[in-house]
$ cat coords.txt   # compact mmCIF, C-alpha atoms
# COMPACT_ATOMS: atom_id res chain seq x y z
CA MET A 1 -200.95 -9.69 -40.80
CA ILE A 2 -197.31 -10.62 -40.10
CA LYS A 3 -197.95 -10.14 -36.36
CA ASN A 4 -200.95 -12.51 -36.49
CA ILE A 5 -198.89 -15.21 -38.24
CA SER A 6 -196.10 -14.87 -35.65
CA LEU A 7 -198.62 -15.21 -32.82
CA ALA A 8 -200.16 -18.31 -34.40
CA LEU A 9 -196.74 -19.92 -34.75
CA SER A 10 -195.97 -19.18 -31.10
CA PHE A 11 -199.12 -20.99 -29.94
CA SER A 12 -198.40 -23.95 -32.21
CA PHE A 13 -194.99 -24.42 -30.57
CA LEU A 14 -196.58 -24.28 -27.14
CA ALA A 15 -198.90 -27.12 -28.16
CA LEU A 16 -196.02 -29.47 -29.00
CA PRO A 17 -195.37 -32.28 -26.50
CA VAL A 18 -192.47 -31.83 -24.09
CA PHE A 19 -190.09 -34.76 -23.53
CA ALA A 20 -188.22 -34.79 -20.24
CA LEU A 21 -185.43 -37.38 -20.28
CA ASN A 22 -184.44 -38.63 -16.84
CA GLU A 23 -180.70 -38.12 -16.54
CA PRO A 24 -179.30 -40.28 -13.73
CA GLN A 25 -177.37 -38.62 -10.93
CA LYS A 26 -173.61 -39.06 -11.25
CA SER A 27 -171.65 -40.41 -8.30
CA GLU A 28 -169.56 -37.88 -6.41
CA TYR A 29 -166.69 -40.40 -6.41
CA ASP A 30 -166.72 -41.34 -10.11
CA GLN A 31 -168.96 -39.77 -12.77
CA ARG A 32 -169.05 -43.03 -14.72
CA VAL A 33 -171.20 -44.55 -11.95
CA ALA A 34 -174.77 -43.23 -11.82
CA HIS A 35 -178.00 -43.65 -9.89
CA ALA A 36 -181.64 -42.91 -10.71
CA GLU A 37 -184.94 -42.86 -8.82
CA TYR A 38 -187.37 -45.21 -10.57
CA ASN A 39 -190.49 -43.71 -12.08
CA SER A 40 -192.63 -45.80 -14.42
CA LYS A 41 -193.46 -42.65 -16.46
CA ASP A 42 -189.80 -41.72 -17.09
CA VAL A 43 -187.40 -42.58 -19.91
CA PHE A 44 -183.87 -42.97 -18.54
CA LYS A 45 -180.67 -41.96 -20.27
CA MET A 46 -178.01 -44.65 -20.69
CA VAL A 47 -174.74 -43.69 -22.41
CA ALA A 48 -172.34 -46.48 -23.38
CA ARG A 49 -168.81 -46.18 -24.76
CA ASN A 50 -167.41 -47.92 -27.83
CA GLY A 51 -165.05 -50.72 -26.84
CA PHE A 52 -166.30 -50.85 -23.25
CA VAL A 53 -169.06 -52.74 -21.44
CA SER A 54 -171.70 -51.01 -19.28
CA MET A 55 -174.02 -52.49 -16.66
CA ILE A 56 -177.54 -51.70 -15.46
CA GLU A 57 -178.28 -53.02 -11.98
CA PHE A 58 -181.91 -53.55 -10.94
CA SER A 59 -183.12 -54.29 -7.41
CA ASP A 60 -182.20 -57.59 -5.71
CA GLU A 61 -185.85 -58.73 -5.83
CA GLU A 62 -186.02 -58.35 -9.61
CA VAL A 63 -185.19 -60.85 -12.34
CA ILE A 64 -184.92 -59.77 -15.97
CA ILE A 65 -187.59 -61.43 -18.12
CA ASN A 66 -187.14 -59.70 -21.47
CA THR A 67 -184.98 -57.08 -23.22
CA ALA A 68 -185.59 -55.38 -26.56
CA THR A 69 -183.79 -52.65 -28.46
CA GLY A 70 -184.52 -50.79 -31.69
CA PHE A 71 -181.10 -51.70 -33.11
CA SER A 72 -180.31 -55.23 -32.00
CA GLU A 73 -177.65 -55.64 -34.72
CA GLY A 74 -175.57 -52.90 -33.12
CA TRP A 75 -175.83 -53.85 -29.42
CA ASP A 76 -174.92 -56.90 -27.36
CA LEU A 77 -177.28 -57.39 -24.38
CA ILE A 78 -176.39 -60.05 -21.79
CA GLU A 79 -178.85 -60.77 -18.95
CA LYS A 80 -177.89 -62.26 -15.61
CA LYS A 81 -180.59 -62.27 -12.89
CA ASN A 82 -180.98 -58.56 -12.02
CA LEU A 83 -177.99 -57.38 -14.07
CA LEU A 84 -177.95 -56.30 -17.71
CA PHE A 85 -174.59 -55.94 -19.49
CA ILE A 86 -174.53 -53.67 -22.57
CA LYS A 87 -171.85 -53.37 -25.23
CA PRO A 88 -171.90 -51.72 -28.70
CA LYS A 89 -170.82 -53.94 -31.58
CA ALA A 90 -169.92 -53.46 -35.26
CA TYR A 91 -172.70 -53.94 -37.79
CA LYS A 92 -172.25 -56.09 -40.88
CA THR A 93 -174.16 -55.17 -44.03
CA ARG A 94 -174.12 -56.06 -47.76
CA LEU A 95 -174.10 -53.51 -50.57
CA PHE A 96 -174.93 -54.03 -54.26
CA VAL A 97 -171.92 -52.94 -56.33
CA GLU A 98 -172.49 -51.74 -59.96
CA ASN A 99 -169.25 -50.01 -61.01
CA ASP A 100 -166.74 -52.36 -59.44
CA PRO A 101 -165.02 -54.27 -62.32
CA TYR A 102 -164.19 -57.15 -60.01
CA ASN A 103 -167.64 -57.54 -58.37
CA GLN A 104 -170.08 -56.36 -61.05
CA GLY A 105 -173.68 -57.23 -60.20
CA GLN A 106 -172.68 -58.82 -56.92
CA GLN A 107 -173.08 -57.87 -53.25
CA LYS A 108 -170.15 -56.77 -51.16
CA GLU A 109 -170.00 -57.16 -47.37
CA MET A 110 -169.24 -54.06 -45.35
CA ILE A 111 -168.60 -53.61 -41.63
CA VAL A 112 -169.83 -50.42 -40.00
CA ASP A 113 -168.09 -49.56 -36.74
CA PRO A 114 -170.18 -48.17 -33.86
CA ASN A 115 -170.58 -44.40 -34.00
CA PRO A 116 -172.69 -42.00 -31.88
CA LYS A 117 -174.87 -40.86 -34.79
CA ASP A 118 -176.05 -44.25 -36.08
CA TRP A 119 -176.09 -46.21 -32.81
CA LYS A 120 -178.65 -44.03 -31.06
CA THR A 121 -181.73 -46.14 -30.22
CA ASN A 122 -184.02 -47.14 -27.37
CA LEU A 123 -183.99 -50.06 -24.92
CA ILE A 124 -186.89 -51.64 -23.02
CA VAL A 125 -186.29 -53.99 -20.10
CA THR A 126 -189.03 -55.98 -18.41
CA THR A 127 -188.42 -57.60 -15.03
CA ASN A 128 -190.73 -59.69 -12.86
CA LEU A 129 -191.75 -56.48 -11.06
CA LYS A 130 -191.32 -53.44 -13.31
CA THR A 131 -190.73 -52.13 -16.83
CA TYR A 132 -187.84 -49.77 -17.65
CA ILE A 133 -187.46 -47.62 -20.78
CA PHE A 134 -184.11 -46.15 -21.84
CA ASP A 135 -182.67 -43.90 -24.49
CA LEU A 136 -179.54 -45.88 -25.42
CA LEU A 137 -176.75 -43.62 -26.63
CA LEU A 138 -173.14 -44.07 -27.68
CA THR A 139 -170.18 -41.81 -26.93
CA ASN A 140 -166.45 -41.78 -27.59
CA ASP A 141 -165.87 -39.58 -24.55
CA SER A 142 -165.11 -41.51 -21.35
CA LYS A 143 -166.36 -38.60 -19.22
CA GLN A 144 -169.86 -38.87 -20.72
CA ALA A 145 -170.09 -42.68 -20.51
CA THR A 146 -171.97 -44.57 -17.78
CA TYR A 147 -170.31 -47.83 -16.73
CA LYS A 148 -172.85 -48.66 -14.03
CA LEU A 149 -176.44 -47.47 -13.54
CA SER A 150 -178.48 -48.53 -10.52
CA PHE A 151 -181.97 -47.67 -9.28
CA SER A 152 -183.69 -46.84 -6.02
CA HIS A 153 -187.43 -47.32 -5.53
CA ALA A 154 -189.49 -44.89 -3.46
CA ASP A 155 -192.31 -47.43 -2.98
CA LYS A 156 -189.87 -50.02 -1.64
CA ILE A 157 -188.25 -47.50 0.71
CA LEU A 158 -191.68 -46.37 1.94
CA LYS A 159 -192.73 -49.99 2.52
CA GLN A 160 -189.55 -50.66 4.52
CA GLU A 161 -190.03 -47.48 6.55
CA ASN A 162 -193.65 -48.43 7.31
CA LYS A 163 -192.56 -51.92 8.36
CA ILE A 164 -189.89 -50.52 10.69
CA LYS A 165 -192.41 -48.00 12.05
CA LYS A 166 -194.99 -50.72 12.78
CA GLU A 167 -192.39 -52.94 14.45
CA LEU A 168 -191.26 -50.01 16.58
CA GLU A 169 -194.86 -49.19 17.52
CA LYS A 170 -195.45 -52.82 18.54
CA LYS A 171 -192.27 -52.77 20.62
CA ILE A 172 -193.30 -49.54 22.36
CA VAL A 173 -196.80 -50.92 23.03
CA ARG A 174 -195.35 -54.16 24.41
CA GLU A 175 -192.94 -52.24 26.67
CA GLU A 176 -195.76 -50.01 27.88
CA LEU A 177 -197.98 -53.01 28.59
CA ASP A 178 -195.21 -54.64 30.61
CA LYS A 179 -194.58 -51.53 32.71
CA ASN A 180 -195.89 -51.07 36.23
CA ILE A 181 -197.90 -54.30 36.40
CA VAL A 182 -199.31 -54.46 39.93
CA PRO A 183 -201.15 -57.69 40.84
CA ARG A 184 -204.52 -56.90 42.44
CA ASN A 185 -205.99 -60.38 42.71
CA TRP A 186 -204.32 -63.77 43.33
CA ASP A 187 -207.54 -65.62 44.23
CA PHE A 188 -207.74 -68.13 41.37
CA LEU A 189 -208.84 -71.77 41.34
CA MET A 190 -207.68 -74.24 38.69
CA LYS A 191 -209.36 -77.46 37.56
CA ALA A 192 -207.50 -79.67 35.04
CA ASN A 193 -208.84 -82.68 33.20
CA LYS A 194 -206.81 -85.88 33.41
CA GLY A 195 -203.70 -85.64 31.23
CA SER A 196 -203.97 -81.86 30.92
CA GLU A 197 -201.34 -80.96 33.52
CA ASP A 198 -198.81 -79.77 30.92
CA ILE A 199 -201.09 -76.87 29.87
CA ALA A 200 -201.92 -75.89 33.49
CA PRO A 201 -200.24 -72.62 34.57
CA ASN A 202 -197.93 -72.45 37.60
CA TYR A 203 -199.67 -69.30 38.81
CA ALA A 204 -202.40 -66.83 37.88
CA TYR A 205 -203.30 -63.26 38.87
CA ASP A 206 -204.92 -60.16 37.40
CA ASP A 207 -204.17 -56.44 37.63
CA GLY A 208 -207.76 -55.29 37.21
CA VAL A 209 -207.48 -55.22 33.42
CA PHE A 210 -205.53 -58.26 32.19
CA THR A 211 -205.11 -61.81 33.47
CA TYR A 212 -201.59 -63.24 33.78
CA LEU A 213 -200.87 -66.98 33.52
CA GLY A 214 -197.29 -68.05 34.29
CA PHE A 215 -195.80 -71.21 32.73
CA ASP A 216 -192.39 -72.77 33.35
CA ASN A 217 -190.37 -74.32 30.53
CA THR A 218 -191.95 -77.77 31.02
CA LYS A 219 -195.38 -76.47 30.06
CA THR A 220 -197.04 -75.84 26.68
CA PHE A 221 -198.95 -72.68 25.83
CA PRO A 222 -202.65 -73.44 25.25
CA SER A 223 -205.34 -71.49 23.44
CA VAL A 224 -207.39 -69.28 25.75
CA PHE A 225 -211.18 -68.97 25.70
CA LEU A 226 -213.70 -66.97 27.70
CA TYR A 227 -216.46 -69.26 28.97
CA GLU A 228 -219.76 -67.44 29.38
CA ASN A 229 -223.43 -68.45 29.06
CA GLY A 230 -222.55 -71.89 27.76
CA LYS A 231 -220.40 -70.51 24.92
CA GLU A 232 -216.71 -70.03 24.36
CA MET A 233 -215.07 -66.99 22.83
CA ILE A 234 -211.40 -66.97 21.89
CA LEU A 235 -209.42 -64.28 23.73
CA ASN A 236 -206.54 -62.10 22.55
CA THR A 237 -203.22 -62.82 24.23
CA HIS A 238 -199.59 -61.84 24.11
CA ILE A 239 -196.48 -63.22 25.79
CA LYS A 240 -194.04 -61.59 28.21
CA LYS A 241 -191.11 -62.85 30.21
CA ASP A 242 -191.11 -62.92 34.03
CA GLY A 243 -187.87 -64.41 35.32
CA LYS A 244 -187.88 -68.13 34.60
CA TYR A 245 -191.55 -68.04 33.60
CA ASP A 246 -193.17 -67.28 30.28
CA VAL A 247 -196.33 -65.35 31.01
CA LEU A 248 -199.40 -65.67 28.81
CA VAL A 249 -201.11 -62.30 29.16
CA VAL A 250 -204.85 -62.62 28.53
CA GLN A 251 -206.22 -59.25 27.48
CA LYS A 252 -209.27 -59.53 29.73
CA ILE A 253 -210.35 -60.50 33.23
CA ALA A 254 -213.24 -62.93 33.53
CA LYS A 255 -214.98 -65.22 36.01
CA GLN A 256 -214.04 -68.31 34.05
CA ILE A 257 -211.39 -68.99 31.40
CA LEU A 258 -210.82 -72.26 29.56
CA LEU A 259 -207.41 -73.36 28.32
CA ARG A 260 -207.39 -75.85 25.44
CA SER A 261 -204.81 -77.81 23.49
CA GLY A 262 -206.25 -80.68 21.47
CA ASP A 263 -208.25 -82.84 23.88
CA LYS A 264 -206.61 -81.22 26.92
CA VAL A 265 -208.72 -78.80 28.96
CA VAL A 266 -208.00 -76.66 32.02
CA GLY A 267 -210.53 -74.40 33.71
CA ILE A 268 -209.37 -71.23 35.48
CA PHE A 269 -211.86 -69.76 37.96
CA ASN A 270 -211.38 -66.17 39.17
CA ASN A 271 -212.76 -66.18 42.72
CA GLY A 272 -211.71 -62.56 43.23
CA TYR A 273 -213.52 -61.26 40.16
CA GLY A 274 -214.93 -57.77 40.87
CA LYS A 275 -213.79 -57.70 44.54
CA ASN A 276 -210.93 -55.24 44.06
CA PRO A 277 -211.89 -53.06 41.07
CA LEU A 278 -209.80 -50.20 39.70
CA ASP A 279 -210.76 -46.61 40.53
CA LYS A 280 -211.59 -46.05 36.85
CA THR A 281 -212.28 -48.39 33.97
CA ARG A 282 -209.42 -49.01 31.55
CA GLU A 283 -209.12 -51.31 28.54
CA THR A 284 -205.38 -51.94 28.87
CA SER A 285 -203.02 -52.51 31.78
CA ASN A 286 -201.27 -49.21 31.06
CA GLU A 287 -202.90 -45.79 30.86
CA ASN A 288 -200.67 -44.81 27.93
CA ILE A 289 -202.13 -47.55 25.70
CA GLN A 290 -205.67 -47.45 24.31
CA ARG A 291 -207.16 -50.67 22.95
CA VAL A 292 -208.77 -50.42 19.49
CA ILE A 293 -210.99 -53.20 18.09
CA ASN A 294 -210.62 -53.27 14.31
CA ASP A 295 -213.45 -55.67 13.45
CA PRO A 296 -215.57 -57.10 16.27
CA SER A 297 -217.45 -59.24 13.73
CA LYS A 298 -214.38 -61.48 13.46
CA THR A 299 -214.73 -62.67 17.05
CA LEU A 300 -214.78 -66.46 17.02
CA LEU A 301 -217.62 -68.15 18.93
CA LEU A 302 -217.19 -71.82 19.70
CA GLU A 303 -220.09 -73.70 21.25
CA GLN A 304 -218.72 -76.27 23.69
CA SER A 305 -220.06 -78.27 26.61
CA LEU A 306 -219.26 -77.38 30.20
CA LEU A 307 -215.86 -78.37 31.50
CA GLY A 308 -217.45 -80.67 34.01
CA ASN A 309 -219.21 -82.63 31.26
CA GLU A 310 -215.91 -83.35 29.49
CA GLN A 311 -214.34 -85.24 32.38
$ encode --input "coords.txt" --output "structure tokens"
Amino acid sequence: MIKNISLALSFSFLALPVFALNEPQKSEYDQRVAHAEYNSKDVFKMVARNGFVSMIEFSDEEVIINTATGFSEGWDLIEKKNLLFIKPKAYKTRLFVENDPYNQGQQKEMIVDPNPKDWKTNLIVTTNLKTYIFDLLLTNDSKQATYKLSFSHADKILKQENKIKKELEKKIVREELDKNIVPRNWDFLMKANKGSEDIAPNYAYDDGVFTYLGFDNTKTFPSVFLYENGKEMILNTHIKKDGKYDVLVVQKIAKQILLRSGDKVVGIFNNGYGKNPLDKTRETSNENIQRVINDPSKTLLLEQSLLGNEQ
């Protein structure tokens, strides 16, 4: 019978909830400076010292909106942007005195100095981005106190790493696209409407995959459209540098391309289209890069009249 009771008690203890307080990592240079990895499901430990001020530093993007503690009479909380300054303070209270011959039936004011036992409470801080929960403790030992607590954010770090990774990938792709460009066809004819000379390229060629339009610094980059079967389709482009020229790289070769900027129109006719094809079909000007179309349904179709009708 005693064994059964002991076993039942053991299982009841196992069923109790487990609280895991997040203790910030102390700095290797000074243990009074600490750092914690933010987790919305954690309660963080903050230990202040009587007679000293402590600071919690949130991320630069955050602004404190609200602070609340379970013992506001015993703690001073000062907010400044992403910084929260914390300091324990004495607590004033009034007691009813019965046996005092000088104050019979009256209240007497008492001041209670901060002490670790009575000043233990919690603290909740809400910023414009996150919510933080703390166990707010008091110590008289300088070695246990935290004068500064700051946070790092895994989601922010991951976002920054992904941004750097994407920028690096774009740079690599751009460098690959600009490598080993060998012109295969210079046979282009240009027809510009009156007043459209400033969007007319200085030269044009293709490498069997892309079309290259060179502009000097007196020209303006236009929008580029494929003209086919009486319709216009906007084309993807990117820009590269070629000496004194800025080159508008059109990610396609076509019989006819239209350049537009407001009312200005220039027609580019590829007279060498299909006369000097590549040995094998590629979708980019570099074999190391494969073109991927994310959503062909987003292609923009613009119905326009023929260039000749606009003159």
$ closest_residue --input "coords.txt" --among "A:Asn162, A:Asn66, A:Asn140, A:Asn270" --to "A:Asn50" --atoms "all atoms listed in the file"
A:Asn140
$ atom_distance --input "coords.txt" --atom1 "atom CA of A:Asp118" --atom2 "atom CA of A:Lys80"
27.3 Å
$ atom_distance --input "coords.txt" --atom1 "atom CA of A:Glu61" --atom2 "atom CA of A:Val47"
25.0 Å
$ residues_around --input "coords.txt" --residues "A:Thr67" --least-positions-apart "5" --cutoff "10 Å" --atoms "all atoms listed in the file" --output "count of residues only"
11
$ closest_residue --input "coords.txt" --among "A:Ser196, A:Gln256, A:Thr69, A:Thr211" --to "A:Asn236" --atoms "all atoms listed in the file"
A:Thr211
$ atom_distance --input "coords.txt" --atom1 "atom CA of A:Thr139" --atom2 "atom CA of A:Gly51"
10.3 Å
$ axis_aligned_box --input "coords.txt" --around "stretch 189-192 of chain A" --padding-each-side "5 Å" --output "lines of an AutoDock Vina configuration file"
center_x = -208.4
center_y = -75.7
center_z = 38.2
size_x = 11.9
size_y = 17.9
size_z = 16.3
$ closest_residue --input "coords.txt" --among "A:Asn39, A:Thr121, A:Gln251, A:Asn229" --to "A:Leu137" --atoms "only C-alpha atoms"
A:Thr121
$ closest_residue --input "coords.txt" --among "A:Ser152, A:Asn122, A:Thr93, A:Asn22" --to "A:Glu37" --atoms "all atoms listed in the file"
A:Ser152
$ residues_around --input "coords.txt" --residues "A:Met110" --least-positions-apart "3" --cutoff "9 Å" --atoms "all atoms listed in the file" --output "ChimeraX atom specification"
/A:91-95
$ write_last_selection --input "coords.txt" --atoms "C-alpha atoms" --output "mmCIF file, in the coordinates of the input"
data_model
loop_
_atom_site.group_PDB
_atom_site.id
_atom_site.type_symbol
_atom_site.label_atom_id
_atom_site.label_comp_id
_atom_site.auth_asym_id
_atom_site.auth_seq_id
_atom_site.Cartn_x
_atom_site.Cartn_y
_atom_site.Cartn_z
ATOM 1 C CA TYR A 91 -172.700 -53.940 -37.790
ATOM 2 C CA LYS A 92 -172.250 -56.090 -40.880
ATOM 3 C CA THR A 93 -174.160 -55.170 -44.030
ATOM 4 C CA ARG A 94 -174.120 -56.060 -47.760
ATOM 5 C CA LEU A 95 -174.100 -53.510 -50.570
#
$ closest_residue --input "coords.txt" --among "A:Ile56, A:Val63, A:Val266, A:Val224" --to "A:Ile253" --atoms "all atoms listed in the file"
A:Val224
